[in-house]
Amino acid sequence: MKPEFTITEENYIKAIYVLSYEVKANNKVGTKDIATILKVQPATVTDMLKKLKRKKIINYKKYGQIQLSNTGLYYAKQLLRRHRLWETFLYEKLHFNWDEIHEIAEQLEHIHSDTLIEKLEKFLQYPQYDPHGEPIPDAMGKIPEVSSISLSNINNTKKWYTMIAVKDTSQDFLKYLQQLSLQIGTKVKLIEKIPYDNSIKITLSNNKQIIISGKIADNILVTETK
């Protein structure tokens, strides 16, 4: 019998996964990290962690690092799977803008019908990545491998790179990227790095040249164009 979770509990499970595997390279997640991403007080986080520990979803000792158990990892991936499939559906089939789909998918991800998700995945022809370039776990929790580098870390001024994902899916960030003509699939080439503020100057495949801040470049993932 599958364990039952409240929407709040599911939000915590997903947040711990994202922090552990997609934000922090060292997998070390603390109470303050979760409080920041969910915009709640640390004391509230502590109470929820106790509940998740009782349900054997996390391994956690007071003031220690928080890790998902094998069971917690499985359910976190299923949440991500539902979320990213819904984002893909909203973007590809209902034609929402890519800056609108995250918040709606946040609500739809809590629908627990496995049959619905299986049919949705088949209808979408088994996508591996969502509209933000994030990998979609399959029914078994397997995640497609992604080979990428932050735009801020490229140094070669002769090679072209293709934008394949964004780390920030907030509306403000995605709208700004649209203004800059930066989206998934856009090809870019480094012109120069500006040490003073870590901003970079790049050219797009249409010969348009733009300067972006180091923070923006950090949140754009690219791969070398073949």
# chains A, B, ... in the order shown; residues from 1 in each chain; ligands from 1
$ select_by_dssp --residues "chain A" --states "alpha helix (DSSP H)" --output "VMD selection string"
chain A and resid 7 to 18 31 to 38 42 to 54 70 to 92 101 to 108 114 to 123 171 to 179 214 to 218
$ write_last_selection --atoms "C-alpha atoms" --output "CSV table (one decimal), in the first residue's frame"
chain,number,residue,atom,x,y,z
A,7,ILE,CA,0.3,18.5,-0.5
A,8,THR,CA,2.6,20.3,2.0
A,9,GLU,CA,4.5,17.0,2.6
A,10,GLU,CA,4.9,16.5,-1.1
A,11,ASN,CA,6.2,20.0,-1.5
A,12,TYR,CA,8.9,19.3,1.1
A,13,ILE,CA,9.8,16.0,-0.5
A,14,LYS,CA,10.3,17.6,-3.9
A,15,ALA,CA,12.2,20.6,-2.4
A,16,ILE,CA,14.7,18.2,-0.6
A,17,TYR,CA,15.3,16.4,-3.8
A,18,VAL,CA,15.8,19.5,-5.9
A,31,THR,CA,17.0,23.2,7.5
A,32,LYS,CA,17.8,26.8,6.4
A,33,ASP,CA,18.1,25.6,2.8
A,34,ILE,CA,14.6,24.1,2.8
A,35,ALA,CA,13.2,27.2,4.7
A,36,THR,CA,14.6,29.4,2.0
A,37,ILE,CA,13.3,27.5,-1.0
A,38,LEU,CA,9.8,27.0,0.5
A,42,PRO,CA,13.0,27.2,10.1
A,43,ALA,CA,10.9,26.0,13.0
A,44,THR,CA,8.2,25.0,10.6
A,45,VAL,CA,10.7,23.0,8.6
A,46,THR,CA,11.8,21.2,11.8
A,47,ASP,CA,8.3,20.1,12.6
A,48,MET,CA,7.8,18.7,9.1
A,49,LEU,CA,11.1,16.9,9.1
A,50,LYS,CA,10.0,15.0,12.1
A,51,LYS,CA,6.8,13.9,10.3
A,52,LEU,CA,8.7,12.8,7.2
A,53,LYS,CA,11.2,10.9,9.3
A,54,ARG,CA,8.3,9.0,11.0
A,70,ASN,CA,15.3,5.2,-0.9
A,71,THR,CA,11.5,5.4,-0.5
A,72,GLY,CA,11.7,9.2,-0.3
A,73,LEU,CA,13.9,9.3,-3.4
A,74,TYR,CA,11.4,7.3,-5.4
A,75,TYR,CA,8.4,9.5,-4.5
A,76,ALA,CA,10.4,12.7,-5.1
A,77,LYS,CA,11.2,11.5,-8.6
A,78,GLN,CA,7.5,10.6,-9.2
A,79,LEU,CA,6.6,14.2,-8.2
A,80,LEU,CA,9.1,15.6,-10.6
A,81,ARG,CA,7.9,13.3,-13.3
A,82,ARG,CA,4.3,14.5,-12.9
A,83,HIS,CA,5.3,18.1,-12.6
A,84,ARG,CA,7.5,18.1,-15.7
A,85,LEU,CA,5.0,16.1,-17.8
A,86,TRP,CA,2.3,18.6,-17.0
A,87,GLU,CA,4.6,21.5,-17.9
A,88,THR,CA,5.3,19.8,-21.2
A,89,PHE,CA,1.6,19.4,-21.8
A,90,LEU,CA,0.7,23.0,-20.9
A,91,TYR,CA,3.5,24.3,-23.2
A,92,GLU,CA,3.2,22.0,-26.2
A,101,ILE,CA,3.7,26.7,-16.8
A,102,HIS,CA,5.6,26.2,-13.6
A,103,GLU,CA,3.0,27.6,-11.2
A,104,ILE,CA,0.1,25.7,-12.9
A,105,ALA,CA,2.1,22.4,-12.9
A,106,GLU,CA,2.7,23.0,-9.1
A,107,GLN,CA,-1.0,22.4,-8.7
A,108,LEU,CA,-1.4,19.6,-11.2
A,114,ASP,CA,-0.8,6.6,-12.2
A,115,THR,CA,-3.1,5.8,-15.2
A,116,LEU,CA,-3.5,9.5,-16.0
A,117,ILE,CA,0.2,10.1,-16.0
A,118,GLU,CA,0.9,7.0,-18.1
A,119,LYS,CA,-1.7,8.2,-20.7
A,120,LEU,CA,-0.3,11.8,-20.5
A,121,GLU,CA,3.2,10.6,-21.1
A,122,LYS,CA,2.1,8.4,-24.1
A,123,PHE,CA,0.1,11.3,-25.5
A,171,GLN,CA,8.5,34.1,-14.2
A,172,ASP,CA,10.8,37.2,-14.0
A,173,PHE,CA,13.8,35.3,-15.2
A,174,LEU,CA,12.1,33.5,-18.1
A,175,LYS,CA,10.4,36.7,-19.2
A,176,TYR,CA,13.8,38.5,-19.2
A,177,LEU,CA,15.4,35.7,-21.3
A,178,GLN,CA,12.6,36.1,-23.8
A,179,GLN,CA,13.4,39.8,-24.1
A,214,GLY,CA,27.2,36.7,-14.4
A,215,LYS,CA,24.1,35.7,-12.4
A,216,ILE,CA,22.0,35.2,-15.6
A,217,ALA,CA,24.9,33.3,-17.2
A,218,ASP,CA,25.1,31.0,-14.1
$ select_by_dssp --residues "segment 141-189 of chain A" --states "strand (DSSP E)" --output "list in words"
Ile149, Ser150, Trp160, Tyr161, Thr162, Met163, Ile164, Ala165, Val166, Lys187, Val188 and Lys189 of chain A
$ atom_distance --atom1 "atom CA of Gln128 of chain A" --atom2 "atom CA of Lys142 of chain A"
10.4 Å
$ closest_residue --among "A:Ser170, A:Gln67, A:Lys56, A:Val40" --to "Lys28 of chain A" --atoms "only C-alpha atoms"
A:Gln67
